[in-house]
Amino acid sequence: MGLWNVHFILVLLVSVAVNLLFGSFLSRAVAKRSPIGKPVFIAAIAANILYLGFFKYFNFFVESVSAVLPVSAGATSILLPVGISFYTFM
């Protein structure tokens with residue numbers, strides 16, 4: 001991912017940091033047998049799906065809106081980082 005475009009290393013690091021935080025919260029919840037474990041787990045999955053969905057479908061939504069409304073899309077194209085789907089689903 002970083003060899004193709006160095007800026008995508010930041011994308012990967014944000015994903016790693018978010019997953020690390022969720023994992024830490026989930027670990028503490030399981031250790032304390034807290035009922036918050038299930039909502040934390042669902043939030044972690046939702047965050048990963050939203051993160052992946054943003055990179056995969058942002059361009060589609062921008063093009064769809066600009067086709068329907070008289071709004072210029074301009075330079076709002078987001079490149080899909082190579083390997084983001086693989087990392088997210090692993």
# chains A, B, ... in the order shown; residues from 1 in each chain; ligands from 1

call {"tool": "select_by_dssp", "arguments": {"residues": "chain A", "states": "helix (DSSP H, G or I)", "output": "count of residues only"}}
result
62

call {"tool": "atom_distance", "arguments": {"atom1": "CA of Val30 (chain A)", "atom2": "CA of Leu13 (chain A)"}}
result
25.3 Å

call {"tool": "residues_around", "arguments": {"residues": "Leu80 (chain A)", "least_positions_apart": "4", "cutoff": "10 Å", "atoms": "only C-alpha atoms", "output": "list of chain:residue names"}}
result
A:Phe8, A:Leu52, A:Phe54, A:Phe55, A:Lys56, A:Tyr57, A:Phe58, A:Asn59, A:Ile84, A:Ser85

call {"tool": "closest_residue", "arguments": {"among": "A:Ala46, A:Val18, A:Pro81, A:Ala67", "to": "Asn5 (chain A)", "atoms": "only C-alpha atoms"}}
result
A:Pro81

call {"tool": "closest_residue", "arguments": {"among": "A:Ala47, A:Leu79, A:Tyr87, A:Ile42", "to": "Phe60 (chain A)", "atoms": "only C-alpha atoms"}}
result
A:Leu79

call {"tool": "closest_residue", "arguments": {"among": "A:Met90, A:Val65, A:Tyr51, A:Ala31", "to": "Val11 (chain A)", "atoms": "only C-alpha atoms"}}
result
A:Tyr51
